[in-house]
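Asker: Let me give you the structure first, and then I'll get to my questions.
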Amino acid sequence: MKPPVPSTGPEAHPPTSGPGRLVAPTARLLLPAGAPEDIWRTVRQTGAGGSDVAAILGLDRYRGPLHVWQDKTGQLRPERDVRLERAARRGHRLESLVAEFFTEDSGLTVLDSPGTLQHIDHPHWIANPDRLTVAPDDTGRDELGVLECKTRTWRSARIEGWRGEEPPDGPSLQAHWYLTVTGYRHAYIAGLLDDDLVWFRLERDDELCQLLADAVDEFWQHHVLTGIPPQPDGSKATADLLARMWEAEQDATADVDPVETTLLLARRRELAARAAELGGDLDTVDNRLRALLGEAEVALVGGRPAYTWRQNGTFAAKRFREAEPELAAAYTRSVPAVDLDRLKAERPETYRQYRARRLVVPTEG
């Protein structure tokens, strides 16, 4: 089902009343901003939001389609990630600062988010925009836009792909999902990269909005409503989730589908053989590149760096201790460490509980 054609007009105003009121060309207010977190999380389960879209498409480093399915069906087991929680708190607290810097830089007026929005014809399409924008001379506020505020360290910004002429894929997809839900014609993405503000304006791409709508509809109808989980993707995030989904029963066996298992094992052997073949070729190329450099660390082609072979890798602590025992002793310090041998001997069940699950596939023969 295609989303309604967006329009702007007298209804495109900040909300002045409670839930249900039309607050965007194609969206109503589902939950006002500032609602208690437990209520917000419950409402969030009723639809796909901006942070879910990239995961549904398999483009999120931290979540996959299986994560979203478990979340929306109420089966996701709570798992604390202190690092991600700290990053989320940091981002939330700095959101106002990013909006303030964006206002100064762009000259636009920034409005507070109305809250959680829901598409008028597709109730499972929801959006939680950080802010809204409007030109300062637009007294009728007929040209509202979405503003997404992001904070990144230089390291995470480099991984995510900031600093280019186009915004990174993740924030761009999130912003376009908000345009899909609200019907607005443009959005801004502002990123505070350490202490440097970078921002982009995105014009609504109706074809991309339609692709996102189709992907979310298919996921919702075929998986969430039916209760049938999506097939696991190949991400590390999904591998970690699968390892946490079940409490492993020691030495327990399970009868698995013979046809699917045979096909998967054959495919795995094929991929493993190709990886081994390609891996050998890649090692050969890498060694030839190393030989070209010799004692140098930076290779130049036409006066420009082409590749590097720097001595900045992992410190060889064992080799250092063997070659320089006295110096190693002077720079050795005691650190708290868990006595794993004792834990394993005295509390075997606890020891086993915190061991990772390893997938081992025997070779043929």
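Letters A, B, ... go to the chains of the structure tokens in the order shown; residues in each chain start at 1; ligands are counted from 1 in the same order.
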Quick one: residues within 9 Å of A:Gln231, only C-alpha atoms counted, chain neighbours fewer than 2 positions away excluded, as a ChimeraX atom specification?
Answerer: /A:65-66,229,233
Asker: Give me the residues near A:Leu197 as a PyMOL selection string, where near means some atom within 12 Å (using only C-alpha atoms) and where sequence neighbours in that chain fewer than 5 positions away do not count.
Answerer: chain A and resi 97-106+149-154+157+162-163+189-192
Asker: Save the residues we just selected, N, CA, C and O atoms, as a PDB file, in the first residue's frame?
Answerer:
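What follows is the written file out_20.pdb:
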ATOM      1  N   LEU A  97      22.281  20.963  22.859  1.00  0.00           N
ATOM      2  CA  LEU A  97      23.454  21.719  22.429  1.00  0.00           C
ATOM      3  C   LEU A  97      23.620  21.638  20.917  1.00  0.00           C
ATOM      4  O   LEU A  97      23.927  22.645  20.265  1.00  0.00           O
ATOM      5  N   VAL A  98      23.411  20.450  20.349  1.00  0.00           N
ATOM      6  CA  VAL A  98      23.494  20.300  18.896  1.00  0.00           C
ATOM      7  C   VAL A  98      22.452  21.182  18.219  1.00  0.00           C
ATOM      8  O   VAL A  98      22.744  21.872  17.232  1.00  0.00           O
ATOM      9  N   ALA A  99      21.225  21.186  18.758  1.00  0.00           N
ATOM     10  CA  ALA A  99      20.156  22.019  18.189  1.00  0.00           C
ATOM     11  C   ALA A  99      20.511  23.502  18.284  1.00  0.00           C
ATOM     12  O   ALA A  99      20.247  24.281  17.360  1.00  0.00           O
ATOM     13  N   GLU A 100      21.105  23.889  19.397  1.00  0.00           N
ATOM     14  CA  GLU A 100      21.498  25.293  19.575  1.00  0.00           C
ATOM     15  C   GLU A 100      22.579  25.687  18.573  1.00  0.00           C
ATOM     16  O   GLU A 100      22.493  26.752  17.935  1.00  0.00           O
ATOM     17  N   PHE A 101      23.596  24.844  18.422  1.00  0.00           N
ATOM     18  CA  PHE A 101      24.653  25.120  17.447  1.00  0.00           C
ATOM     19  C   PHE A 101      24.084  25.165  16.032  1.00  0.00           C
ATOM     20  O   PHE A 101      24.486  25.992  15.205  1.00  0.00           O
ATOM     21  N   PHE A 102      23.152  24.256  15.736  1.00  0.00           N
ATOM     22  CA  PHE A 102      22.546  24.218  14.401  1.00  0.00           C
ATOM     23  C   PHE A 102      21.769  25.508  14.127  1.00  0.00           C
ATOM     24  O   PHE A 102      21.834  26.050  13.018  1.00  0.00           O
ATOM     25  N   THR A 103      21.048  25.995  15.120  1.00  0.00           N
ATOM     26  CA  THR A 103      20.303  27.250  14.964  1.00  0.00           C
ATOM     27  C   THR A 103      21.251  28.396  14.619  1.00  0.00           C
ATOM     28  O   THR A 103      20.995  29.192  13.709  1.00  0.00           O
ATOM     29  N   GLU A 104      22.357  28.475  15.354  1.00  0.00           N
ATOM     30  CA  GLU A 104      23.330  29.543  15.110  1.00  0.00           C
ATOM     31  C   GLU A 104      23.943  29.418  13.712  1.00  0.00           C
ATOM     32  O   GLU A 104      24.171  30.418  13.024  1.00  0.00           O
ATOM     33  N   ASP A 105      24.208  28.209  13.288  1.00  0.00           N
ATOM     34  CA  ASP A 105      24.891  27.979  12.024  1.00  0.00           C
ATOM     35  C   ASP A 105      23.968  28.134  10.820  1.00  0.00           C
ATOM     36  O   ASP A 105      24.383  28.624   9.765  1.00  0.00           O
ATOM     37  N   SER A 106      22.708  27.700  10.956  1.00  0.00           N
ATOM     38  CA  SER A 106      21.787  27.667   9.818  1.00  0.00           C
ATOM     39  C   SER A 106      20.888  28.886   9.719  1.00  0.00           C
ATOM     40  O   SER A 106      20.389  29.202   8.634  1.00  0.00           O
ATOM     41  N   CYS A 149      19.473  15.205  15.550  1.00  0.00           N
ATOM     42  CA  CYS A 149      20.684  15.669  16.229  1.00  0.00           C
ATOM     43  C   CYS A 149      21.525  14.460  16.645  1.00  0.00           C
ATOM     44  O   CYS A 149      21.036  13.585  17.364  1.00  0.00           O
ATOM     45  N   LYS A 150      22.773  14.415  16.201  1.00  0.00           N
ATOM     46  CA  LYS A 150      23.661  13.305  16.511  1.00  0.00           C
ATOM     47  C   LYS A 150      24.945  13.827  17.155  1.00  0.00           C
ATOM     48  O   LYS A 150      25.406  14.924  16.852  1.00  0.00           O
ATOM     49  N   THR A 151      25.510  13.035  18.044  1.00  0.00           N
ATOM     50  CA  THR A 151      26.833  13.329  18.609  1.00  0.00           C
ATOM     51  C   THR A 151      27.723  12.120  18.379  1.00  0.00           C
ATOM     52  O   THR A 151      27.306  10.981  18.613  1.00  0.00           O
ATOM     53  N   ARG A 152      28.926  12.369  17.911  1.00  0.00           N
ATOM     54  CA  ARG A 152      29.855  11.286  17.613  1.00  0.00           C
ATOM     55  C   ARG A 152      31.262  11.688  18.041  1.00  0.00           C
ATOM     56  O   ARG A 152      31.643  12.852  17.939  1.00  0.00           O
ATOM     57  N   THR A 153      32.035  10.729  18.509  1.00  0.00           N
ATOM     58  CA  THR A 153      33.468  10.947  18.671  1.00  0.00           C
ATOM     59  C   THR A 153      34.097  10.876  17.279  1.00  0.00           C
ATOM     60  O   THR A 153      33.479  10.368  16.334  1.00  0.00           O
ATOM     61  N   TRP A 154      35.326  11.365  17.155  1.00  0.00           N
ATOM     62  CA  TRP A 154      35.966  11.325  15.836  1.00  0.00           C
ATOM     63  C   TRP A 154      36.121   9.898  15.352  1.00  0.00           C
ATOM     64  O   TRP A 154      36.021   9.599  14.163  1.00  0.00           O
ATOM     65  N   ALA A 157      32.674   8.646  14.227  1.00  0.00           N
ATOM     66  CA  ALA A 157      32.296   9.390  13.030  1.00  0.00           C
ATOM     67  C   ALA A 157      33.000   8.824  11.800  1.00  0.00           C
ATOM     68  O   ALA A 157      32.410   8.705  10.721  1.00  0.00           O
ATOM     69  N   TRP A 162      30.955   9.941   8.398  1.00  0.00           N
ATOM     70  CA  TRP A 162      30.752  11.376   8.366  1.00  0.00           C
ATOM     71  C   TRP A 162      31.925  12.028   7.604  1.00  0.00           C
ATOM     72  O   TRP A 162      32.831  11.357   7.170  1.00  0.00           O
ATOM     73  N   ARG A 163      31.865  13.347   7.497  1.00  0.00           N
ATOM     74  CA  ARG A 163      32.930  14.140   6.871  1.00  0.00           C
ATOM     75  C   ARG A 163      32.852  14.129   5.347  1.00  0.00           C
ATOM     76  O   ARG A 163      33.667  14.752   4.694  1.00  0.00           O
ATOM     77  N   ILE A 189      20.112  16.913   9.111  1.00  0.00           N
ATOM     78  CA  ILE A 189      20.884  16.057  10.006  1.00  0.00           C
ATOM     79  C   ILE A 189      22.061  16.882  10.499  1.00  0.00           C
ATOM     80  O   ILE A 189      22.869  17.368   9.702  1.00  0.00           O
ATOM     81  N   ALA A 190      22.140  17.059  11.803  1.00  0.00           N
ATOM     82  CA  ALA A 190      23.233  17.830  12.403  1.00  0.00           C
ATOM     83  C   ALA A 190      24.044  16.906  13.298  1.00  0.00           C
ATOM     84  O   ALA A 190      23.491  16.229  14.170  1.00  0.00           O
ATOM     85  N   GLY A 191      25.343  16.884  13.083  1.00  0.00           N
ATOM     86  CA  GLY A 191      26.220  16.029  13.871  1.00  0.00           C
ATOM     87  C   GLY A 191      27.309  16.828  14.554  1.00  0.00           C
ATOM     88  O   GLY A 191      28.015  17.608  13.902  1.00  0.00           O
ATOM     89  N   LEU A 192      27.414  16.658  15.866  1.00  0.00           N
ATOM     90  CA  LEU A 192      28.500  17.270  16.626  1.00  0.00           C
ATOM     91  C   LEU A 192      29.604  16.233  16.730  1.00  0.00           C
ATOM     92  O   LEU A 192      29.517  15.287  17.514  1.00  0.00           O
TER      93      LEU A 192
END
Asker: For A:Thr109, which residue among A:Val298, A:Cys209, A:Val43, A:Leu147 is the nearest when counting only C-alpha atoms?
Answerer: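 Under the stated criterion, the closest residue is A:Leu147.
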Asker: Which residues come within 8 Å of stretch 166-170 of chain A, counting only C-alpha atoms, excluding same-chain residues fewer than 4 positions away, as a list in words?
Answerer: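 These residues fall inside the cut-off: Ala54, Leu59, Asp60, Glu160, Gly161, Trp162, Gln174, Ile189 and Phe200 of chain A.
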Asker: Enumerate, as number ranges by chain, the complete set of residues in stretch 176-276 of chain A that a backbone-based DSSP assignment places in alpha helix (DSSP H).
Answerer: A: 176-182, 206-219, 236-245, 258-276
Asker: Selected residues, N, CA and C atoms, written as a short mmCIF file (atom, residue, chain, number, x, y, z; two decimals), in the first residue's frame, please.
Answerer:
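Listed below is the output, again-v6.cif:
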data_model
loop_
_atom_site.label_atom_id
_atom_site.label_comp_id
_atom_site.auth_asym_id
_atom_site.auth_seq_id
_atom_site.Cartn_x
_atom_site.Cartn_y
_atom_site.Cartn_z
N HIS A 176 14.79 10.02 6.51
CA HIS A 176 13.82 9.76 5.45
C HIS A 176 12.61 8.98 5.97
N TRP A 177 12.83 8.15 6.98
CA TRP A 177 11.67 7.47 7.57
C TRP A 177 10.75 8.49 8.24
N TYR A 178 11.31 9.47 8.90
CA TYR A 178 10.50 10.50 9.53
C TYR A 178 9.75 11.32 8.48
N LEU A 179 10.36 11.54 7.32
CA LEU A 179 9.65 12.21 6.23
C LEU A 179 8.52 11.32 5.70
N THR A 180 8.76 10.02 5.66
CA THR A 180 7.73 9.07 5.22
C THR A 180 6.52 9.12 6.15
N VAL A 181 6.79 9.18 7.44
CA VAL A 181 5.69 9.17 8.42
C VAL A 181 4.97 10.52 8.45
N THR A 182 5.71 11.60 8.47
CA THR A 182 5.11 12.93 8.67
C THR A 182 4.57 13.57 7.40
N ASP A 206 10.87 10.68 -2.77
CA ASP A 206 9.66 9.87 -2.70
C ASP A 206 9.91 8.40 -3.03
N GLU A 207 10.85 8.14 -3.92
CA GLU A 207 11.16 6.74 -4.26
C GLU A 207 11.78 6.03 -3.07
N LEU A 208 12.71 6.71 -2.37
CA LEU A 208 13.32 6.10 -1.18
C LEU A 208 12.28 5.91 -0.09
N CYS A 209 11.41 6.90 0.10
CA CYS A 209 10.35 6.77 1.11
C CYS A 209 9.47 5.56 0.80
N GLN A 210 9.18 5.34 -0.48
CA GLN A 210 8.35 4.19 -0.86
C GLN A 210 9.07 2.87 -0.58
N LEU A 211 10.38 2.84 -0.85
CA LEU A 211 11.15 1.63 -0.58
C LEU A 211 11.17 1.32 0.91
N LEU A 212 11.35 2.35 1.74
CA LEU A 212 11.34 2.14 3.19
C LEU A 212 9.97 1.68 3.65
N ALA A 213 8.91 2.30 3.10
CA ALA A 213 7.55 1.91 3.47
C ALA A 213 7.29 0.46 3.13
N ASP A 214 7.70 0.03 1.93
CA ASP A 214 7.48 -1.36 1.51
C ASP A 214 8.24 -2.33 2.41
N ALA A 215 9.50 -1.97 2.75
CA ALA A 215 10.31 -2.85 3.60
C ALA A 215 9.70 -3.00 4.99
N VAL A 216 9.24 -1.89 5.56
CA VAL A 216 8.64 -1.94 6.89
C VAL A 216 7.32 -2.70 6.85
N ASP A 217 6.49 -2.46 5.82
CA ASP A 217 5.21 -3.17 5.70
C ASP A 217 5.43 -4.68 5.59
N GLU A 218 6.37 -5.07 4.75
CA GLU A 218 6.64 -6.49 4.57
C GLU A 218 7.12 -7.12 5.88
N PHE A 219 8.02 -6.45 6.57
CA PHE A 219 8.52 -6.96 7.84
C PHE A 219 7.39 -7.07 8.85
N LYS A 236 27.51 -9.61 13.23
CA LYS A 236 28.01 -10.01 14.54
C LYS A 236 26.97 -9.74 15.61
N ALA A 237 26.19 -8.66 15.43
CA ALA A 237 25.14 -8.33 16.40
C ALA A 237 24.13 -9.47 16.50
N THR A 238 23.77 -10.07 15.36
CA THR A 238 22.82 -11.18 15.37
C THR A 238 23.45 -12.42 15.97
N ALA A 239 24.72 -12.66 15.70
CA ALA A 239 25.41 -13.80 16.31
C ALA A 239 25.42 -13.66 17.83
N ASP A 240 25.68 -12.46 18.33
CA ASP A 240 25.66 -12.23 19.77
C ASP A 240 24.26 -12.44 20.34
N LEU A 241 23.24 -11.98 19.60
CA LEU A 241 21.86 -12.15 20.07
C LEU A 241 21.49 -13.63 20.14
N LEU A 242 21.84 -14.40 19.11
CA LEU A 242 21.53 -15.82 19.11
C LEU A 242 22.19 -16.53 20.29
N ALA A 243 23.39 -16.09 20.66
CA ALA A 243 24.10 -16.71 21.78
C ALA A 243 23.41 -16.42 23.11
N ARG A 244 22.62 -15.34 23.14
CA ARG A 244 21.93 -14.98 24.39
C ARG A 244 20.48 -15.45 24.45
N MET A 245 19.96 -15.91 23.31
CA MET A 245 18.52 -16.21 23.25
C MET A 245 18.11 -17.42 24.08
N PRO A 258 16.61 -32.05 8.19
CA PRO A 258 17.74 -32.64 7.46
C PRO A 258 18.03 -31.94 6.14
N VAL A 259 16.99 -31.51 5.45
CA VAL A 259 17.19 -30.87 4.14
C VAL A 259 17.88 -29.52 4.31
N GLU A 260 17.32 -28.70 5.21
CA GLU A 260 17.89 -27.37 5.43
C GLU A 260 19.32 -27.48 5.96
N THR A 261 19.54 -28.42 6.87
CA THR A 261 20.87 -28.59 7.45
C THR A 261 21.87 -29.01 6.38
N THR A 262 21.48 -29.97 5.53
CA THR A 262 22.37 -30.43 4.47
C THR A 262 22.73 -29.28 3.53
N LEU A 263 21.74 -28.48 3.15
CA LEU A 263 21.99 -27.36 2.25
C LEU A 263 22.89 -26.32 2.90
N LEU A 264 22.64 -26.02 4.19
CA LEU A 264 23.45 -25.02 4.88
C LEU A 264 24.89 -25.48 5.06
N LEU A 265 25.08 -26.77 5.40
CA LEU A 265 26.44 -27.28 5.58
C LEU A 265 27.20 -27.29 4.25
N ALA A 266 26.48 -27.64 3.17
CA ALA A 266 27.13 -27.62 1.86
C ALA A 266 27.52 -26.19 1.48
N ARG A 267 26.63 -25.26 1.75
CA ARG A 267 26.93 -23.86 1.44
C ARG A 267 28.09 -23.36 2.29
N ARG A 268 28.14 -23.80 3.55
CA ARG A 268 29.22 -23.36 4.42
C ARG A 268 30.56 -23.90 3.93
N ARG A 269 30.59 -25.16 3.50
CA ARG A 269 31.84 -25.73 2.99
C ARG A 269 32.30 -25.00 1.73
N GLU A 270 31.33 -24.64 0.88
CA GLU A 270 31.66 -23.90 -0.34
C GLU A 270 32.26 -22.54 -0.01
N LEU A 271 31.63 -21.81 0.93
CA LEU A 271 32.12 -20.49 1.31
C LEU A 271 33.47 -20.58 2.01
N ALA A 272 33.64 -21.61 2.85
CA ALA A 272 34.91 -21.77 3.56
C ALA A 272 36.05 -22.04 2.57
N ALA A 273 35.76 -22.85 1.54
CA ALA A 273 36.79 -23.15 0.55
C ALA A 273 37.16 -21.89 -0.24
N ARG A 274 36.15 -21.10 -0.61
CA ARG A 274 36.41 -19.87 -1.34
C ARG A 274 37.19 -18.88 -0.48
N ALA A 275 36.83 -18.80 0.82
CA ALA A 275 37.53 -17.88 1.71
C ALA A 275 38.99 -18.29 1.86
N ALA A 276 39.24 -19.61 1.97
CA ALA A 276 40.62 -20.08 2.11
C ALA A 276 41.42 -19.77 0.85
#
Asker: Fewer than 3 positions away in the same chain doesn't count, so skip those; otherwise give me all residues within 9 Å of A:Trp220, counting only C-alpha atoms, as a count of residues only.
Answerer: 11
Asker: Would you please give, as an MDAnalysis selection string, all residues of stretch 24-272 of chain A that DSSP assigns to strand (DSSP E or B) based on the backbone?
Answerer: chainID A and resid 24 27:32 48 109:112 115:119 125:127 131:134 145:152 186:193 196:203
Asker: Taking 4 positions as the minimum chain separation for residues in the same chain, which residues sit within 8 Å of stretch 309-311 of chain A when counting only C-alpha atoms? Answer as a CSV table (one decimal) with N, CA, C and O atoms, in the first residue's frame.
Answerer:
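What landed in part_20.csv:
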chain,number,residue,atom,x,y,z
A,290,ARG,N,54.3,-5.4,1.3
A,290,ARG,CA,55.3,-5.2,2.4
A,290,ARG,C,56.7,-5.1,1.8
A,290,ARG,O,57.5,-4.3,2.2
A,293,LEU,N,57.9,-1.8,0.3
A,293,LEU,CA,58.2,-0.8,1.3
A,293,LEU,C,59.5,-1.0,2.0
A,293,LEU,O,60.3,0.0,2.2
A,296,ALA,N,60.7,1.5,4.9
A,296,ALA,CA,59.7,2.7,4.9
A,296,ALA,C,58.4,2.3,5.5
A,296,ALA,O,58.0,1.1,5.5
A,297,GLU,N,57.6,3.3,5.9
A,297,GLU,CA,56.3,3.0,6.4
A,297,GLU,C,55.2,3.5,5.5
A,297,GLU,O,54.0,3.1,5.7
A,298,VAL,N,55.4,4.5,4.6
A,298,VAL,CA,54.4,5.0,3.8
A,298,VAL,C,54.8,4.9,2.3
A,298,VAL,O,55.9,5.3,1.9
Asker: Could you tell me which of A:Pro123, A:Leu193, A:Ser172, A:Leu282 comes closest to A:Leu94 if we count only C-alpha atoms?
Answerer: A:Leu193
Asker: Calculated over only C-alpha atoms, which of the candidates A:His119, A:Arg61, A:Arg77, A:Arg93 has the smallest distance to A:Arg21?
Answerer: A:His119
Asker: Which residues are near A:Val68? Cut-off 10 Å, only C-alpha atoms, ignore same chain within fewer than 4 positions. Put them as a PyMOL selection string.
Answerer: chain A and resi 45+48+51-53+55-56+63-64+72-76+219+224+229-230
